[in-house]
Structure formats: C-alpha cells, structure tokens
file final.cif (mmCIF, C-alpha atoms)
data_coords
#
loop_
_atom_site.group_PDB
_atom_site.id
_atom_site.type_symbol
_atom_site.label_atom_id
_atom_site.label_comp_id
_atom_site.auth_asym_id
_atom_site.auth_seq_id
_atom_site.Cartn_x
_atom_site.Cartn_y
_atom_site.Cartn_z
ATOM 1 C CA MET A 50 -24.367 -6.953 31.978
ATOM 2 C CA SER A 51 -27.785 -5.351 32.569
ATOM 3 C CA ARG A 52 -30.309 -4.933 29.750
ATOM 4 C CA LYS A 53 -30.237 -1.176 30.258
ATOM 5 C CA TYR A 54 -26.482 -1.072 29.762
ATOM 6 C CA LYS A 55 -26.628 -3.387 26.732
ATOM 7 C CA TRP A 56 -29.204 -1.040 25.193
ATOM 8 C CA PHE A 57 -26.944 1.891 25.982
ATOM 9 C CA LEU A 58 -23.998 0.181 24.249
ATOM 10 C CA SER A 59 -26.130 -0.417 21.149
ATOM 11 C CA ILE A 60 -26.834 3.326 21.059
ATOM 12 C CA MET A 61 -23.095 3.943 21.351
ATOM 13 C CA MET A 62 -22.473 1.673 18.374
ATOM 14 C CA LEU A 63 -25.074 3.577 16.364
ATOM 15 C CA ALA A 64 -23.443 6.864 17.315
ATOM 16 C CA VAL A 65 -20.026 5.571 16.274
ATOM 17 C CA MET A 66 -21.511 4.645 12.899
ATOM 18 C CA VAL A 67 -22.937 8.156 12.565
ATOM 19 C CA ILE A 68 -19.521 9.651 13.292
ATOM 20 C CA ALA A 69 -17.903 7.358 10.718
ATOM 21 C CA MET A 70 -20.555 8.266 8.112
ATOM 22 C CA ALA A 71 -20.082 11.960 8.808
ATOM 23 C CA ALA A 72 -16.332 11.623 8.398
ATOM 24 C CA ALA A 73 -16.829 9.741 5.124
ATOM 25 C CA CYS A 74 -19.225 12.401 3.805
ATOM 26 C CA GLY A 75 -16.775 15.135 4.703
ATOM 27 C CA SER A 76 -13.956 13.281 3.026
ATOM 28 C CA LYS A 77 -15.905 12.769 -0.201
ATOM 29 C CA LYS A 78 -16.944 16.425 -0.220
ATOM 30 C CA GLU A 79 -13.362 17.592 0.122
ATOM 31 C CA GLU A 80 -12.208 15.228 -2.624
ATOM 32 C CA ALA A 81 -14.865 16.502 -5.018
ATOM 33 C CA ALA A 82 -14.075 20.144 -4.274
ATOM 34 C CA GLU A 83 -10.320 19.985 -4.667
ATOM 35 C CA PRO A 84 -9.325 17.573 -7.482
ATOM 36 C CA GLU A 85 -6.713 19.941 -8.891
ATOM 37 C CA LYS A 86 -5.117 20.520 -5.492
ATOM 38 C CA LYS A 87 -4.830 16.780 -4.895
ATOM 39 C CA GLU A 88 -3.172 16.327 -8.287
ATOM 40 C CA GLU A 89 -0.657 19.065 -7.467
ATOM 41 C CA MET A 90 0.089 17.425 -4.108
ATOM 42 C CA LYS A 91 0.592 14.089 -5.871
ATOM 43 C CA VAL A 92 3.114 15.624 -8.265
ATOM 44 C CA GLU A 93 4.978 17.280 -5.396
ATOM 45 C CA ALA A 94 5.025 14.004 -3.462
ATOM 46 C CA GLU A 95 6.478 12.184 -6.476
ATOM 47 C CA LYS A 96 9.193 14.801 -6.753
ATOM 48 C CA GLU A 97 10.078 14.366 -3.078
ATOM 49 C CA VAL A 98 10.278 10.600 -3.473
ATOM 50 C CA GLU A 99 12.586 10.990 -6.470
ATOM 51 C CA ALA A 100 14.794 13.335 -4.472
ATOM 52 C CA GLU A 101 15.175 10.933 -1.538
ATOM 53 C CA PRO A 102 18.042 8.402 -1.457
ATOM 54 C CA GLU A 103 17.114 4.885 -2.525
ATOM 55 C CA GLU A 104 18.137 3.312 0.776
ATOM 56 C CA MET A 105 17.569 4.504 4.330
ATOM 57 C CA THR A 106 20.108 3.870 7.033
ATOM 58 C CA ASP A 107 19.133 2.142 10.263
ATOM 59 C CA ASP A 108 19.268 5.517 12.036
ATOM 60 C CA HIS A 109 16.435 6.825 9.869
ATOM 61 C CA GLN A 110 14.140 3.810 10.024
ATOM 62 C CA GLN A 111 11.220 4.243 12.397
ATOM 63 C CA PRO A 112 9.396 0.918 12.865
ATOM 64 C CA ASN A 113 7.431 2.340 15.807
ATOM 65 C CA ASP A 114 5.674 4.699 13.382
ATOM 66 C CA GLU A 115 3.991 1.828 11.536
ATOM 67 C CA ILE A 116 0.256 1.467 12.163
ATOM 68 C CA THR A 117 -0.681 -1.796 13.887
ATOM 69 C CA ASP A 118 -3.907 -3.788 13.515
ATOM 70 C CA TYR A 119 -5.384 -1.663 16.299
ATOM 71 C CA GLY A 120 -5.003 1.558 14.301
ATOM 72 C CA LEU A 121 -2.197 2.830 16.549
ATOM 73 C CA THR A 122 1.578 2.897 16.339
ATOM 74 C CA GLU A 123 3.602 0.708 18.674
ATOM 75 C CA ALA A 124 4.819 3.879 20.413
ATOM 76 C CA GLN A 125 1.230 5.041 21.019
ATOM 77 C CA ILE A 126 0.226 1.649 22.403
ATOM 78 C CA GLN A 127 3.200 1.597 24.757
ATOM 79 C CA ASP A 128 2.366 5.126 25.866
ATOM 80 C CA LEU A 129 -1.199 3.949 26.589
ATOM 81 C CA TYR A 130 0.112 1.210 28.888
ATOM 82 C CA ASP A 131 2.588 3.562 30.581
ATOM 83 C CA THR A 132 -0.004 6.290 31.119
ATOM 84 C CA ILE A 133 -2.600 3.937 32.585
ATOM 85 C CA GLU A 134 -0.060 2.306 34.894
ATOM 86 C CA SER A 135 1.271 5.665 36.095
ATOM 87 C CA VAL A 136 -2.154 7.149 36.822
ATOM 88 C CA MET A 137 -3.371 3.927 38.455
ATOM 89 C CA VAL A 138 -0.438 4.124 40.860
ATOM 90 C CA THR A 139 -0.920 7.776 41.820
ATOM 91 C CA GLU A 140 -4.752 7.875 41.892
ATOM 92 C CA TYR A 141 -5.803 4.402 43.008
ATOM 93 C CA ILE A 142 -3.031 2.134 44.309
ATOM 94 C CA GLU A 143 -1.099 4.545 46.543
ATOM 95 C CA PRO A 144 -4.141 6.385 47.998
ATOM 96 C CA ASN A 145 -5.688 3.030 48.942
ATOM 97 C CA SER A 146 -2.411 1.557 50.284
ATOM 98 C CA ILE A 147 -2.644 -1.457 47.980
ATOM 99 C CA GLN A 148 0.461 -3.626 48.243
ATOM 100 C CA ASN A 149 0.051 -6.070 45.370
ATOM 101 C CA PHE A 150 -2.319 -4.714 42.754
ATOM 102 C CA GLN A 151 -3.898 -7.126 40.278
ATOM 103 C CA TRP A 152 -6.358 -6.307 37.520
ATOM 104 C CA PRO A 153 -9.868 -7.741 38.008
ATOM 105 C CA ASP A 154 -10.075 -11.253 36.557
ATOM 106 C CA ASP A 155 -13.623 -10.749 35.371
ATOM 107 C CA GLU A 156 -14.754 -10.657 31.747
ATOM 108 C CA GLU A 157 -17.766 -8.562 32.729
ATOM 109 C CA PHE A 158 -15.457 -5.853 34.098
ATOM 110 C CA TRP A 159 -13.533 -5.610 30.824
ATOM 111 C CA ASN A 160 -16.727 -5.555 28.759
ATOM 112 C CA ILE A 161 -17.899 -2.626 30.868
ATOM 113 C CA CYS A 162 -14.560 -0.881 30.305
ATOM 114 C CA GLN A 163 -14.878 -1.254 26.548
ATOM 115 C CA GLY A 164 -18.424 0.046 26.601
ATOM 116 C CA PHE A 165 -17.616 3.028 28.786
ATOM 117 C CA PHE A 166 -14.520 4.049 26.838
ATOM 118 C CA THR A 167 -16.479 3.674 23.598
ATOM 119 C CA GLU A 168 -18.929 6.155 25.109
ATOM 120 C CA TYR A 169 -16.017 8.538 25.664
ATOM 121 C CA GLU A 170 -14.882 7.941 22.074
ATOM 122 C CA THR A 171 -18.397 8.812 20.891
ATOM 123 C CA PHE A 172 -18.511 11.937 23.056
ATOM 124 C CA VAL A 173 -15.243 13.201 21.514
ATOM 125 C CA GLY A 174 -16.320 12.260 17.986
ATOM 126 C CA MET A 175 -19.655 14.047 18.355
ATOM 127 C CA GLN A 176 -17.868 17.356 18.911
ATOM 128 C CA THR A 177 -16.862 17.337 15.227
ATOM 129 C CA ILE A 178 -20.415 16.940 13.883
ATOM 130 C CA ASP A 179 -22.870 19.748 13.131
ATOM 131 C CA LEU A 180 -26.161 17.899 13.580
ATOM 132 C CA GLU A 181 -28.193 20.681 11.985
ATOM 133 C CA ASN A 182 -26.121 20.837 8.807
ATOM 134 C CA THR A 183 -25.073 17.247 8.272
ATOM 135 C CA GLU A 184 -25.743 15.515 4.939
ATOM 136 C CA MET A 185 -27.006 12.450 6.804
ATOM 137 C CA GLU A 186 -30.752 11.939 7.141
ATOM 138 C CA LEU A 187 -31.538 11.963 10.858
ATOM 139 C CA THR A 188 -34.934 12.036 12.512
ATOM 140 C CA GLU A 189 -35.653 14.665 15.147
ATOM 141 C CA ASP A 190 -35.485 11.988 17.846
ATOM 142 C CA GLN A 191 -32.049 10.925 16.620
ATOM 143 C CA LYS A 192 -30.857 14.528 16.541
ATOM 144 C CA GLN A 193 -32.018 15.042 20.128
ATOM 145 C CA MET A 194 -30.348 11.823 21.267
ATOM 146 C CA PHE A 195 -27.045 12.644 19.579
ATOM 147 C CA SER A 196 -27.225 16.231 20.797
ATOM 148 C CA ALA A 197 -27.467 14.930 24.372
ATOM 149 C CA MET A 198 -24.415 12.708 23.768
ATOM 150 C CA LYS A 199 -22.562 15.692 22.374
ATOM 151 C CA GLU A 200 -23.250 17.849 25.413
ATOM 152 C CA ASN A 201 -22.783 15.344 28.239
ATOM 153 C CA GLU A 202 -19.386 13.868 28.977
ATOM 154 C CA PRO A 203 -19.793 10.305 30.308
ATOM 155 C CA THR A 204 -19.453 9.725 34.042
ATOM 156 C CA VAL A 205 -18.318 6.590 35.839
ATOM 157 C CA GLU A 206 -21.151 6.844 38.369
ATOM 158 C CA GLN A 207 -23.693 5.733 35.761
ATOM 159 C CA ILE A 208 -21.956 2.353 35.302
ATOM 160 C CA PRO A 209 -23.819 -0.588 36.908
ATOM 161 C CA THR A 210 -20.897 -2.145 38.782
ATOM 162 C CA THR A 211 -19.256 -2.240 42.218
ATOM 163 C CA GLU A 212 -17.722 0.789 43.913
ATOM 164 C CA GLU A 213 -14.294 -0.840 43.728
ATOM 165 C CA ASN A 214 -14.627 -1.339 39.970
ATOM 166 C CA LYS A 215 -15.800 2.252 39.603
ATOM 167 C CA ALA A 216 -12.674 3.458 41.404
ATOM 168 C CA ILE A 217 -10.440 1.469 39.062
ATOM 169 C CA ILE A 218 -12.320 2.635 35.952
ATOM 170 C CA THR A 219 -12.181 6.254 37.164
ATOM 171 C CA SER A 220 -8.381 6.104 37.285
ATOM 172 C CA MET A 221 -8.275 4.387 33.893
ATOM 173 C CA TYR A 222 -10.611 7.032 32.475
ATOM 174 C CA THR A 223 -8.384 9.842 33.743
ATOM 175 C CA ALA A 224 -5.373 8.143 32.169
ATOM 176 C CA ILE A 225 -7.098 7.495 28.832
ATOM 177 C CA LYS A 226 -8.308 11.088 28.509
ATOM 178 C CA LYS A 227 -4.756 12.248 29.187
ATOM 179 C CA TRP A 228 -3.410 9.768 26.625
ATOM 180 C CA THR A 229 -5.911 10.592 23.858
ATOM 181 C CA GLU A 230 -5.298 14.328 24.217
ATOM 182 C CA LYS A 231 -1.522 13.900 24.291
ATOM 183 C CA ASN A 232 -1.457 11.677 21.192
ATOM 184 C CA SER A 233 -4.292 13.401 19.270
ATOM 185 C CA ILE A 234 -5.932 10.017 18.750
ATOM 186 C CA ASP A 235 -7.851 9.639 15.491
ATOM 187 C CA PHE A 236 -11.059 7.766 16.343
ATOM 188 C CA ASP A 237 -11.772 7.208 12.635
ATOM 189 C CA ARG A 238 -8.872 4.774 12.807
ATOM 190 C CA PHE A 239 -8.879 3.494 16.399
ATOM 191 C CA SER A 240 -11.868 2.193 18.334
ATOM 192 C CA PHE A 241 -12.041 1.408 22.043
ATOM 193 C CA MET A 242 -14.716 -1.185 21.286
ATOM 194 C CA VAL A 243 -12.308 -3.501 19.458
ATOM 195 C CA PHE A 244 -9.168 -2.983 21.543
ATOM 196 C CA PRO A 245 -8.494 -6.182 23.595
ATOM 197 C CA TRP A 246 -8.277 -4.459 26.995
ATOM 198 C CA HIS A 247 -8.181 -7.540 29.192
ATOM 199 C CA LYS A 248 -5.293 -9.388 27.574
ATOM 200 C CA GLU A 249 -3.233 -6.343 26.620
ATOM 201 C CA LEU A 250 -3.389 -4.439 29.903
ATOM 202 C CA VAL A 251 -2.841 -7.508 32.063
ATOM 203 C CA ASN A 252 0.142 -8.585 29.958
ATOM 204 C CA ASN A 253 1.748 -5.154 29.637
ATOM 205 C CA THR A 254 1.263 -3.371 32.962
ATOM 206 C CA PHE A 255 2.469 -4.051 36.493
ATOM 207 C CA ILE A 256 4.901 -6.673 35.259
ATOM 208 C CA GLU A 257 7.628 -7.478 37.802
#
call {"tool": "encode", "arguments": {"input": "final.cif", "output": "structure tokens"}}
result
Amino acid sequence: MSRKYKWFLSIMMLAVMVIAMAAACGSKKEEAAEPEKKEEMKVEAEKEVEAEPEEMTDDHQQPNDEITDYGLTEAQIQDLYDTIESVMVTEYIEPNSIQNFQWPDDEEFWNICQGFFTEYETFVGMQTIDLENTEMELTEDQKQMFSAMKENEPTVEQIPTTEENKAIITSMYTAIKKWTEKNSIDFDRFSFMVFPWHKELVNNTFIE
C-alpha cells in the first residue's frame, strides 16, 4: 500500500473518531436534557415487560435479530453477502463474460477495500455533523479537511490499484451503498474497518 494511501487511511481513522465523539456528545446532551422523560420511558418499559408472558414460543423467537460481534444482526450480514453477490453478477461478471469468478487472493486488495469502504462510512457519518456548531474543539485546518470529506463522496478512481481491481471494487461499492441504505446501517455500531472482508466474503459468496 502506498504511503499516500496509508496517510489517507489515517485521516479516515481520525474522522471516524470525530464522528464517534460527536455522537457521544449528542447522546450525553440528550440524556442531560431529558432525565424525566427517560424515567417515564423506563416505567412504561417495566409495565410492558410485566404484561408479557413469561415464556415465548418458538414462533416468536427471533435469533436473527441478535447483534453479532460485528455490530450487525445475522440477517443483515446475510443480506450483505446476498447483495454483493447479486450486484457483482449483474455489473461485473456477466458484462465481462466471466465463467468462473474467484475473489482476488491478495491481502493488499482486501486492505484497500476496507480503507475505501471506511472512507464511505466516514462520508455518510459526516453528514450528521454540524462542524460550525459542534462541542468538539477543532482547528480551522481540521474543519476545512472534514468539510471536504463531508462534501465529496469517495470515488474508486482515486484508489492506487489495477483497473481490474477497480472494476471489482466499483461493483462492491454499488452493492454496499444499496445495502447500507436498505438496512439503515448504524455506523456508531458497525465499522467497515474491522469487518473481516477477505474471509467472510470468500466463504459466503459464490459457493457452489
């Protein structure tokens, strides 16, 4: 990975931290402003629990709704695999008449994927931050840098890799944007940077 791209990823990490800090500040502010409301909600929740039957039947259990270590439900993860596979077929494999598609067996490729999709995560997260009215202390240079991230959606063309890899990542990017919008992904809980793309996608897509 080039030095320029490594530097860019470090900026992405900093931006993710800013988004997380902003979310934490907003959360604390809401908690301080509405203590009575939270107490009322707690009482109502306790009443609902008391009103529910002690045991749930198998028909009502929803194990796929449990949050995994990746910050997603099993259903969301499966939908991620399905969406990527479907879009890869229609936008990359079929147009290029590829008979037996295999994911790149290159750690560098998957590191680039994580970095690029983290950039997308940062771009989406930045839309929720008012840089001029945030409680965080940011220098003018930082505000300008984050403002640029907020205004410019990442493009695959800027990635320092082969044209073939760019074509694959473009299809993946289209699929991931579709998936995140469909599932209303909460990036305070899920991060592209820590998701094990290589192992998970290879093991869960294009399996015969």
call {"tool": "closest_residue", "arguments": {"input": "final.cif", "among": "A:Glu123, A:Gln163, A:Thr117, A:Leu129", "to": "Pro245 (chain A)", "atoms": "only C-alpha atoms"}}
result
A:Gln163
call {"tool": "atom_distance", "arguments": {"input": "final.cif", "atom1": "CA of Asp235 (chain A)", "atom2": "CA of Gln127 (chain A)"}}
result
16.5 Å
call {"tool": "atom_distance", "arguments": {"input": "final.cif", "atom1": "CA of Tyr169 (chain A)", "atom2": "CA of Thr122 (chain A)"}}
result
20.7 Å
call {"tool": "resolve_selection", "arguments": {"input": "final.cif", "expression": "the PyMOL selection byres ((chain A and resi 158) around 12)", "output": "list in words"}}
result
Met50, Trp152, Pro153, Asp154, Asp155, Glu156, Glu157, Trp159, Asn160, Ile161, Cys162, Gln163, Gly164, Phe165, Ile208, Pro209, Thr210, Thr211, Glu213, Asn214, Lys215, Ile217, Ile218, Trp246 and His247 of chain A
call {"tool": "residues_around", "arguments": {"input": "final.cif", "residues": "Lys231 (chain A)", "least_positions_apart": "3", "cutoff": "12 Å", "atoms": "only C-alpha atoms", "output": "list in words"}}
result
Gln125, Asp128, Leu129, Thr132, Ala224, Ile225, Lys226, Lys227, Trp228, Ile234 and Asp235 of chain A
call {"tool": "residues_around", "arguments": {"input": "final.cif", "residues": "region 146-150 of chain A", "least_positions_apart": "3", "cutoff": "8 Å", "atoms": "all atoms listed in the file", "output": "MDAnalysis selection string"}}
result
chainID A and resid 142:143 255
call {"tool": "build_atoms", "arguments": {"input": "final.cif", "residues": "region 122-140 of chain A", "atoms": "N, CA, C and O atoms", "output": "mmCIF file, in the frame of the given file"}}
result
data_model
loop_
_atom_site.group_PDB
_atom_site.id
_atom_site.type_symbol
_atom_site.label_atom_id
_atom_site.label_comp_id
_atom_site.auth_asym_id
_atom_site.auth_seq_id
_atom_site.Cartn_x
_atom_site.Cartn_y
_atom_site.Cartn_z
ATOM 1 N N THR A 122 0.181 3.287 16.475
ATOM 2 C CA THR A 122 1.578 2.897 16.339
ATOM 3 C C THR A 122 1.999 2.151 17.605
ATOM 4 O O THR A 122 1.348 2.249 18.643
ATOM 5 N N GLU A 123 3.091 1.414 17.506
ATOM 6 C CA GLU A 123 3.602 0.708 18.674
ATOM 7 C C GLU A 123 3.947 1.696 19.796
ATOM 8 O O GLU A 123 3.736 1.411 20.978
ATOM 9 N N ALA A 124 4.467 2.866 19.412
ATOM 10 C CA ALA A 124 4.819 3.879 20.413
ATOM 11 C C ALA A 124 3.575 4.387 21.136
ATOM 12 O O ALA A 124 3.592 4.612 22.356
ATOM 13 N N GLN A 125 2.467 4.577 20.402
ATOM 14 C CA GLN A 125 1.230 5.041 21.019
ATOM 15 C C GLN A 125 0.652 3.985 21.962
ATOM 16 O O GLN A 125 0.150 4.312 23.039
ATOM 17 N N ILE A 126 0.733 2.727 21.557
ATOM 18 C CA ILE A 126 0.226 1.649 22.403
ATOM 19 C C ILE A 126 1.036 1.554 23.696
ATOM 20 O O ILE A 126 0.481 1.426 24.788
ATOM 21 N N GLN A 127 2.357 1.645 23.565
ATOM 22 C CA GLN A 127 3.200 1.597 24.757
ATOM 23 C C GLN A 127 2.922 2.779 25.669
ATOM 24 O O GLN A 127 2.895 2.653 26.900
ATOM 25 N N ASP A 128 2.684 3.941 25.073
ATOM 26 C CA ASP A 128 2.366 5.126 25.866
ATOM 27 C C ASP A 128 1.028 4.954 26.578
ATOM 28 O O ASP A 128 0.839 5.450 27.702
ATOM 29 N N LEU A 129 0.086 4.243 25.954
ATOM 30 C CA LEU A 129 -1.199 3.949 26.589
ATOM 31 C C LEU A 129 -0.975 3.116 27.847
ATOM 32 O O LEU A 129 -1.502 3.441 28.920
ATOM 33 N N TYR A 130 -0.174 2.052 27.720
ATOM 34 C CA TYR A 130 0.112 1.210 28.888
ATOM 35 C C TYR A 130 0.801 2.018 29.991
ATOM 36 O O TYR A 130 0.435 1.931 31.168
ATOM 37 N N ASP A 131 1.813 2.797 29.601
ATOM 38 C CA ASP A 131 2.588 3.562 30.581
ATOM 39 C C ASP A 131 1.720 4.592 31.299
ATOM 40 O O ASP A 131 1.841 4.790 32.515
ATOM 41 N N THR A 132 0.846 5.257 30.533
ATOM 42 C CA THR A 132 -0.004 6.290 31.119
ATOM 43 C C THR A 132 -1.005 5.689 32.097
ATOM 44 O O THR A 132 -1.216 6.213 33.198
ATOM 45 N N ILE A 133 -1.631 4.587 31.699
ATOM 46 C CA ILE A 133 -2.600 3.937 32.585
ATOM 47 C C ILE A 133 -1.921 3.447 33.858
ATOM 48 O O ILE A 133 -2.424 3.655 34.971
ATOM 49 N N GLU A 134 -0.765 2.815 33.718
ATOM 50 C CA GLU A 134 -0.060 2.306 34.894
ATOM 51 C C GLU A 134 0.334 3.446 35.830
ATOM 52 O O GLU A 134 0.154 3.355 37.050
ATOM 53 N N SER A 135 0.838 4.536 35.277
ATOM 54 C CA SER A 135 1.271 5.665 36.095
ATOM 55 C C SER A 135 0.103 6.287 36.862
ATOM 56 O O SER A 135 0.199 6.554 38.066
ATOM 57 N N VAL A 136 -0.999 6.533 36.172
ATOM 58 C CA VAL A 136 -2.154 7.149 36.822
ATOM 59 C C VAL A 136 -2.791 6.193 37.824
ATOM 60 O O VAL A 136 -3.253 6.613 38.893
ATOM 61 N N MET A 137 -2.831 4.909 37.512
ATOM 62 C CA MET A 137 -3.371 3.927 38.455
ATOM 63 C C MET A 137 -2.587 3.949 39.778
ATOM 64 O O MET A 137 -3.166 3.856 40.850
ATOM 65 N N VAL A 138 -1.281 4.096 39.663
ATOM 66 C CA VAL A 138 -0.438 4.124 40.860
ATOM 67 C C VAL A 138 -0.744 5.366 41.705
ATOM 68 O O VAL A 138 -0.952 5.274 42.921
ATOM 69 N N THR A 139 -0.771 6.524 41.073
ATOM 70 C CA THR A 139 -0.920 7.776 41.820
ATOM 71 C C THR A 139 -2.348 8.042 42.293
ATOM 72 O O THR A 139 -2.550 8.693 43.321
ATOM 73 N N GLU A 140 -3.369 7.537 41.557
ATOM 74 C CA GLU A 140 -4.752 7.875 41.892
ATOM 75 C C GLU A 140 -5.554 6.735 42.523
ATOM 76 O O GLU A 140 -6.627 6.973 43.079
#
